[in-house]
file query01.txt (compact mmCIF, C-alpha atoms)
# COMPACT_ATOMS: atom_id res chain seq x y z
CA GLU A 195 113.35 120.18 84.65
CA LEU A 196 109.57 119.81 84.82
CA PHE A 197 109.72 116.06 84.21
CA LYS A 198 112.46 115.62 86.80
CA ARG A 199 110.19 117.27 89.36
CA PHE A 200 107.50 114.76 88.54
CA LEU A 201 109.85 111.80 88.92
CA ASP A 202 110.62 112.94 92.46
CA THR A 203 106.94 112.44 93.37
CA LEU A 204 106.91 108.72 92.50
CA THR A 205 107.19 105.97 95.10
CA GLN A 206 107.78 102.23 94.98
CA GLU A 207 104.13 101.65 95.86
CA ASP A 208 103.05 103.39 92.63
CA PHE A 209 104.55 100.46 90.73
CA ILE A 210 103.95 97.40 92.90
CA ASN A 211 100.39 98.06 94.06
CA TYR A 212 97.14 98.04 92.18
CA PRO A 213 95.98 101.55 91.22
CA THR A 214 93.87 103.49 93.67
CA SER A 215 90.63 105.28 92.83
CA THR A 216 90.60 107.94 90.12
CA ASP A 217 88.48 110.22 92.32
CA ASP A 218 91.43 112.56 92.97
CA LEU A 219 92.01 112.93 89.22
CA LYS A 220 88.31 113.63 88.71
CA ASP A 221 88.51 116.35 91.37
CA ARG A 222 91.48 117.97 89.59
CA LEU A 223 89.68 117.80 86.26
CA SER A 224 86.56 119.22 87.85
CA ARG A 225 88.49 122.28 89.04
CA PHE A 226 90.33 122.62 85.72
CA HIS A 227 87.04 122.66 83.81
CA PHE A 228 85.58 125.46 85.92
CA LYS A 229 84.13 123.30 88.69
CA ILE A 230 82.15 120.87 86.57
CA GLY A 231 80.95 118.23 89.00
CA ALA A 232 83.20 115.19 89.40
CA ASP A 233 80.10 113.05 88.89
CA LYS A 234 80.09 114.26 85.28
CA ILE A 235 83.57 112.87 84.55
CA PHE A 236 84.39 109.38 83.26
CA ILE A 237 88.04 108.27 83.20
CA GLY A 238 89.34 105.72 80.72
CA HIS A 239 92.49 104.13 79.30
CA GLY A 240 93.04 106.78 76.64
CA SER A 241 90.28 108.47 74.68
CA ASP A 242 90.06 105.44 72.39
CA SER A 243 88.97 103.32 75.36
CA VAL A 244 86.48 106.02 76.37
CA LEU A 245 85.06 106.10 72.84
CA SER A 246 84.88 102.31 72.71
CA THR A 247 82.90 102.28 75.97
CA VAL A 248 80.51 104.92 74.62
CA PHE A 249 79.91 102.85 71.48
CA ASN A 250 79.33 99.77 73.65
CA LEU A 251 76.71 101.67 75.60
CA PHE A 252 74.71 103.17 72.75
CA VAL A 253 75.26 101.02 69.64
CA THR A 254 73.30 97.79 69.19
CA PRO A 255 73.19 95.35 66.25
CA GLY A 256 71.56 97.10 63.30
CA SER A 257 71.49 100.57 64.85
CA LYS A 258 73.17 103.40 62.96
CA VAL A 259 75.96 105.80 63.88
CA LEU A 260 76.15 109.15 62.08
CA MET A 261 79.72 110.39 61.57
CA PRO A 262 81.77 112.48 59.11
CA GLU A 263 82.89 110.59 56.01
CA ALA A 264 86.50 111.37 57.04
CA HIS A 265 87.03 110.37 60.67
CA PHE A 266 89.26 108.68 63.24
CA PRO A 267 89.59 105.10 61.82
CA MET A 268 88.85 103.45 65.17
CA TYR A 269 85.22 104.63 64.93
CA ASP A 270 84.76 101.92 62.30
CA VAL A 271 86.27 99.30 64.61
CA TYR A 272 83.96 100.22 67.50
CA LEU A 273 81.04 100.18 65.07
CA GLN A 274 81.88 96.71 63.78
CA GLN A 275 82.38 95.36 67.29
CA ASN A 276 78.80 96.32 68.08
CA GLN A 277 77.43 95.30 64.64
CA GLY A 278 76.27 98.83 63.91
CA VAL A 279 75.70 100.54 60.55
CA LYS A 280 77.53 103.67 59.38
CA GLU A 281 75.69 106.77 58.13
CA THR A 282 77.94 109.59 56.93
CA LEU A 283 78.01 113.36 56.84
CA LYS A 284 79.64 114.63 53.66
CA TYR A 285 82.46 117.11 53.18
CA GLU A 286 82.15 119.85 50.59
CA ILE A 287 84.65 122.38 49.25
CA ASP A 288 83.44 125.93 49.89
CA GLU A 289 83.98 129.05 47.77
CA ALA A 290 87.34 129.66 49.41
CA GLY A 291 88.46 126.14 48.48
CA GLU A 292 88.34 124.84 52.05
CA LEU A 293 86.82 121.55 53.15
CA ARG A 294 83.72 122.02 55.27
CA LEU A 295 81.48 119.41 56.86
CA ASN A 296 77.92 119.72 55.64
CA ILE A 297 75.49 119.27 58.52
CA GLU A 298 72.47 120.27 56.43
CA PHE A 299 70.88 116.92 55.72
CA ASP A 300 67.52 115.23 55.24
CA GLU A 301 66.47 114.33 58.77
CA SER A 302 65.02 111.07 57.48
CA ILE A 303 68.58 109.66 57.65
CA LEU A 304 68.31 109.87 61.45
CA ALA A 305 65.91 106.92 61.51
CA ASP A 306 67.53 104.17 63.61
CA VAL A 307 70.52 106.41 64.45
CA SER A 308 71.51 105.69 68.05
CA LEU A 309 74.66 107.83 68.19
CA ILE A 310 76.19 110.85 66.42
CA VAL A 311 79.99 111.22 66.55
CA VAL A 312 82.07 114.20 65.37
CA GLY A 313 85.68 115.17 65.92
CA ASN A 314 86.25 118.80 66.84
CA PRO A 315 88.77 119.51 65.36
CA ASN A 316 88.10 116.51 63.15
CA SER A 317 90.98 114.21 62.28
CA PRO A 318 92.24 113.88 59.59
CA VAL A 319 90.87 117.12 58.07
CA GLY A 320 91.36 119.49 61.02
CA ASP A 321 88.18 121.53 60.57
CA CYS A 322 86.13 122.78 63.54
CA LEU A 323 82.39 122.96 63.99
CA THR A 324 80.94 126.11 65.51
CA PHE A 325 78.89 126.13 68.69
CA ARG A 326 75.77 126.71 66.61
CA GLN A 327 76.53 123.67 64.46
CA LEU A 328 77.11 121.47 67.51
CA ALA A 329 73.91 122.79 69.04
CA LYS A 330 72.02 121.73 65.93
CA LEU A 331 73.51 118.23 65.98
CA SER A 332 72.60 117.94 69.66
CA SER A 333 68.98 118.98 69.09
CA TYR A 334 67.70 115.70 67.68
CA GLY A 335 67.42 113.83 70.97
CA ILE A 336 70.22 111.46 69.94
CA PRO A 337 73.41 111.14 72.03
CA LEU A 338 76.14 113.29 70.48
CA VAL A 339 79.83 112.54 71.00
CA VAL A 340 82.19 115.47 70.49
CA ASP A 341 85.68 113.97 70.20
CA GLN A 342 88.06 116.74 71.33
CA ALA A 343 91.35 114.85 71.12
CA TYR A 344 92.83 117.91 69.39
CA GLY A 345 90.53 120.39 71.10
CA GLU A 346 93.29 122.47 72.67
CA PHE A 347 94.57 123.29 69.18
CA GLY A 348 91.20 124.34 67.78
CA LYS A 349 88.33 126.74 68.32
CA THR A 350 86.45 124.42 70.65
CA SER A 351 86.29 126.24 73.98
CA PHE A 352 82.55 125.76 74.42
CA GLY A 353 80.90 125.55 77.83
CA PHE A 354 80.22 121.91 78.61
CA ASP A 355 76.84 122.75 80.10
CA ARG A 356 75.62 124.90 77.21
CA LEU A 357 74.52 122.04 74.96
CA ALA A 358 71.82 119.38 75.29
CA ASP A 359 71.90 116.79 78.07
CA ASP A 360 72.87 113.96 75.71
CA VAL A 361 76.20 115.51 74.64
CA ILE A 362 79.36 113.61 75.59
CA PHE A 363 82.67 115.48 75.32
CA VAL A 364 85.68 113.16 74.98
CA ASN A 365 89.16 114.47 75.80
CA THR A 366 92.66 113.05 76.08
CA PHE A 367 96.05 113.71 77.65
CA SER A 368 97.76 112.25 74.56
CA LYS A 369 97.98 115.28 72.26
CA ALA A 370 98.48 118.80 73.67
CA TRP A 371 99.33 117.42 77.11
CA GLY A 372 102.15 115.26 75.73
CA ALA A 373 101.26 112.12 77.70
CA ALA A 374 100.29 109.62 75.01
CA GLY A 375 102.20 106.82 76.75
CA CYS A 376 100.18 107.27 79.93
CA ARG A 377 96.94 106.32 78.15
CA ILE A 378 94.49 108.60 79.95
CA GLY A 379 91.31 109.91 78.39
CA TYR A 380 88.09 111.15 79.88
CA ALA A 381 84.55 112.05 79.01
CA ILE A 382 82.35 114.80 80.39
CA ALA A 383 78.64 114.03 80.32
CA LYS A 384 75.57 114.13 82.51
CA PRO A 385 75.85 111.93 85.65
CA GLU A 386 73.31 109.40 84.37
CA ILE A 387 75.49 108.65 81.34
CA VAL A 388 78.70 108.55 83.39
CA GLU A 389 77.10 106.07 85.80
CA LYS A 390 76.26 103.74 82.90
CA LEU A 391 79.74 104.07 81.40
CA ASN A 392 81.34 103.18 84.73
CA LYS A 393 79.45 99.88 84.73
CA LEU A 394 81.13 98.89 81.47
CA LYS A 395 84.77 99.75 82.24
CA PRO A 396 87.48 97.36 83.56
CA MET A 397 88.26 97.49 87.27
CA PHE A 398 91.88 98.69 86.98
CA GLU A 399 92.22 100.67 83.77
CA VAL A 400 94.50 103.61 84.63
CA SER A 401 97.85 103.02 86.35
CA GLU A 402 98.87 104.98 89.43
CA VAL A 403 101.90 106.44 87.63
CA SER A 404 99.74 107.62 84.74
CA LYS A 405 97.18 109.13 87.06
CA LYS A 406 99.87 110.98 89.01
CA PHE A 407 101.39 112.36 85.82
CA ALA A 408 98.00 113.60 84.59
CA MET A 409 97.43 115.42 87.88
CA PHE A 410 100.96 116.82 87.73
CA LEU A 411 100.27 118.20 84.26
CA LEU A 412 97.01 119.76 85.41
CA ASP A 413 98.92 121.47 88.21
CA ASN A 414 101.39 122.78 85.61
CA ASN A 415 98.91 123.54 82.84
CA LEU A 416 100.58 126.84 81.95
CA GLU A 417 103.48 124.82 80.50
CA VAL A 418 101.00 122.96 78.31
CA GLN A 419 99.32 126.18 77.21
CA GLN A 420 102.70 127.60 76.22
CA TYR A 421 103.26 124.62 73.92
CA VAL A 422 99.75 124.99 72.40
CA ASP A 423 100.40 128.70 71.80
CA GLU A 424 103.70 127.92 70.08
CA VAL A 425 101.99 125.43 67.77
CA ALA A 426 99.33 128.02 66.89
CA ILE A 427 102.01 130.63 66.08
CA GLU A 428 103.97 128.28 63.84
CA ARG A 429 100.76 127.09 62.18
CA GLU A 430 99.84 130.70 61.41
CA ILE A 431 103.26 131.30 59.85
CA LEU A 432 102.88 128.18 57.71
CA SER A 433 99.42 129.25 56.59
CA LYS A 434 100.99 132.25 54.85
CA VAL A 435 102.61 129.97 52.28
CA ILE A 436 100.36 126.89 52.37
CA PRO A 437 96.60 127.38 52.08
CA PHE A 438 94.01 125.32 53.93
CA VAL A 439 95.87 124.98 57.23
CA TYR A 440 93.20 124.06 59.75
CA TYR A 441 93.08 123.67 63.53
CA GLY A 442 95.10 120.61 64.52
CA ASN A 443 98.77 120.16 65.24
CA TRP A 444 99.19 118.68 61.77
CA ILE A 445 98.50 119.72 58.16
CA HIS A 446 95.91 117.91 56.03
CA LEU A 447 96.53 118.07 52.29
CA HIS A 448 93.69 117.48 49.83
CA ASP A 449 93.19 118.10 46.09
CA GLY A 450 94.25 121.68 45.44
CA SER A 451 96.80 121.73 48.27
CA PRO A 452 100.24 122.97 47.19
CA LEU A 453 102.05 119.68 47.68
CA ILE A 454 99.44 117.88 45.57
CA ASP A 455 98.80 120.50 42.87
CA PRO A 456 102.13 121.18 41.06
CA THR A 457 100.76 124.39 39.51
CA TRP A 458 99.86 125.97 42.86
CA GLU A 459 102.87 128.31 42.89
CA ILE A 460 102.00 129.57 39.41
CA LYS A 461 98.33 130.13 40.29
CA THR A 462 99.02 132.00 43.52
CA GLY A 463 102.34 133.69 42.89
CA ALA A 464 103.56 132.29 46.23
CA ARG A 465 106.50 130.00 46.78
CA LEU A 466 106.85 127.07 49.07
CA PRO A 467 109.81 127.23 51.49
CA GLY A 468 112.91 125.36 50.31
call {"tool": "encode", "arguments": {"input": "query01.txt", "output": "structure tokens"}}
result
Amino acid sequence: ELFKRFLDTLTQEDFINYPTSTDDLKDRLSRFHFKIGADKIFIGHGSDSVLSTVFNLFVTPGSKVLMPEAHFPMYDVYLQQNQGVKETLKYEIDEAGELRLNIEFDESILADVSLIVVGNPNSPVGDCLTFRQLAKLSSYGIPLVVDQAYGEFGKTSFGFDRLADDVIFVNTFSKAWGAAGCRIGYAIAKPEIVEKLNKLKPMFEVSEVSKKFAMFLLDNNLEVQQYVDEVAIEREILSKVIPFVYYGNWIHLHDGSPLIDPTWEIKTGARLPG
């Protein structure tokens, strides 16, 4: 029913004409994110395009990018395109047996680092950094990208203006919003960064149909929130029988996870469903 209502809003011109400005989408996003200025919003062709543009802006041949050792594979592609060098943050297993990103590192590794990138929640692990941890990563005077592709599913509801000026939050309509085919992503950053990103993007990157659907979803965001809540409930149920369920809409299994360790049922006394 919801999708049928959207289809009724489309016109022939949405398909035969070049897309119009994304200013109206920026205005909707500005209101959705508690009136963050539209001049702080950059729109791209999916969050992967947004991330690629950010790498193009900050990474130069020989400069380093600091990122978790487990990360979205496209980070490596963007790095190679700009002839950058990877520096990694390591994962450790804590006392509870959960994977945790270690952000306590020798600051000497930051020499020649031009960009720091973290997923929050981070794919493929699904762990979330706290506000305090993000604040620390943003305190070095190096642009920090917080990739929130799965942010609606995690504990990442931080105020965009509460971190340092060089923080760039990247979001997408592909995951919780259910519009992967529309290819719409966006970044929230200070206006000076957004202005530079806009100089690097193609002229017509987001179609009119995609833009209309994104605005339609924003106008019906309670439907999206209902879906996110349902995922969280089912994830909580699953966590009762499978340990180490994190904060995405997927389950990451590592050494010690029940489907990898055949003795898990014996050790815990629990049983897997089925």
call {"tool": "closest_atom_pairs", "arguments": {"input": "query01.txt", "of": "range 233-347 of chain A", "to": "range 387-409 of chain A", "cutoff": "12 Å", "atoms": "only C-alpha atoms", "output": "tab-separated table"}}
result
residue	atom	partner	partner_atom	distance
A:Asp233	CA	A:Val388	CA	7.2
A:Lys234	CA	A:Val388	CA	6.2
A:Ile235	CA	A:Val388	CA	6.6
A:Phe236	CA	A:Val388	CA	5.8
A:Ile237	CA	A:Val400	CA	8.1
A:Gly238	CA	A:Glu399	CA	6.6
A:His239	CA	A:Glu399	CA	5.7
A:Gly240	CA	A:Val400	CA	8.7
A:Ser241	CA	A:Val400	CA	11.9
A:Ser243	CA	A:Lys395	CA	8.8
A:Val244	CA	A:Leu391	CA	8.6
A:Leu245	CA	A:Leu391	CA	10.3
A:Ser246	CA	A:Lys395	CA	9.9
A:Thr247	CA	A:Leu391	CA	6.5
A:Val248	CA	A:Leu391	CA	6.9
A:Phe249	CA	A:Leu391	CA	10.0
A:Asn250	CA	A:Leu394	CA	8.1
A:Leu251	CA	A:Leu391	CA	7.0
A:Phe252	CA	A:Leu391	CA	10.0
A:Pro337	CA	A:Ile387	CA	9.9
A:Leu338	CA	A:Ile387	CA	11.8
A:Val339	CA	A:Ile387	CA	11.9
call {"tool": "closest_residue", "arguments": {"input": "query01.txt", "among": "A:Val253, A:Ile210, A:Ile297, A:Val307", "to": "Leu331 in chain A", "atoms": "only C-alpha atoms"}}
result
A:Ile297
call {"tool": "atom_distance", "arguments": {"input": "query01.txt", "atom1": "CA of Lys280 in chain A", "atom2": "CA of Glu298 in chain A"}}
result
17.6 Å
call {"tool": "closest_residue", "arguments": {"input": "query01.txt", "among": "A:Ser257, A:Ser368, A:Ser215, A:Asn414", "to": "Asp306 in chain A", "atoms": "all atoms listed in the file"}}
result
A:Ser257
call {"tool": "closest_residue", "arguments": {"input": "query01.txt", "among": "A:Asn365, A:Asn316, A:Thr324, A:Gln420", "to": "Gly442 in chain A", "atoms": "all atoms listed in the file"}}
result
A:Asn316
call {"tool": "atom_distance", "arguments": {"input": "query01.txt", "atom1": "CA of Lys384 in chain A", "atom2": "CA of Phe228 in chain A"}}
result
15.5 Å
call {"tool": "atom_distance", "arguments": {"input": "query01.txt", "atom1": "CA of Thr282 in chain A", "atom2": "CA of Pro255 in chain A"}}
result
17.7 Å
call {"tool": "decode", "arguments": {"input": "query01.txt", "residues": "range 333-346 of chain A", "atoms": "C-alpha atoms", "output": "PDB file, in the first residue's frame"}}
result
ATOM      1  CA  SER A 333      40.778  14.717  18.252  1.00  0.00           C
ATOM      2  CA  TYR A 334      43.901  14.296  16.138  1.00  0.00           C
ATOM      3  CA  GLY A 335      43.149  17.031  13.617  1.00  0.00           C
ATOM      4  CA  ILE A 336      42.740  14.448  10.848  1.00  0.00           C
ATOM      5  CA  PRO A 337      39.460  14.147   8.890  1.00  0.00           C
ATOM      6  CA  LEU A 338      37.392  11.307  10.345  1.00  0.00           C
ATOM      7  CA  VAL A 339      34.797   9.452   8.287  1.00  0.00           C
ATOM      8  CA  VAL A 340      32.080   7.677  10.276  1.00  0.00           C
ATOM      9  CA  ASP A 341      30.397   5.287   7.846  1.00  0.00           C
ATOM     10  CA  GLN A 342      26.860   4.800   9.203  1.00  0.00           C
ATOM     11  CA  ALA A 343      25.439   2.577   6.473  1.00  0.00           C
ATOM     12  CA  TYR A 344      23.964   0.379   9.210  1.00  0.00           C
ATOM     13  CA  GLY A 345      23.601   3.200  11.725  1.00  0.00           C
ATOM     14  CA  GLU A 346      19.855   2.808  12.209  1.00  0.00           C
TER      15      GLU A 346
END
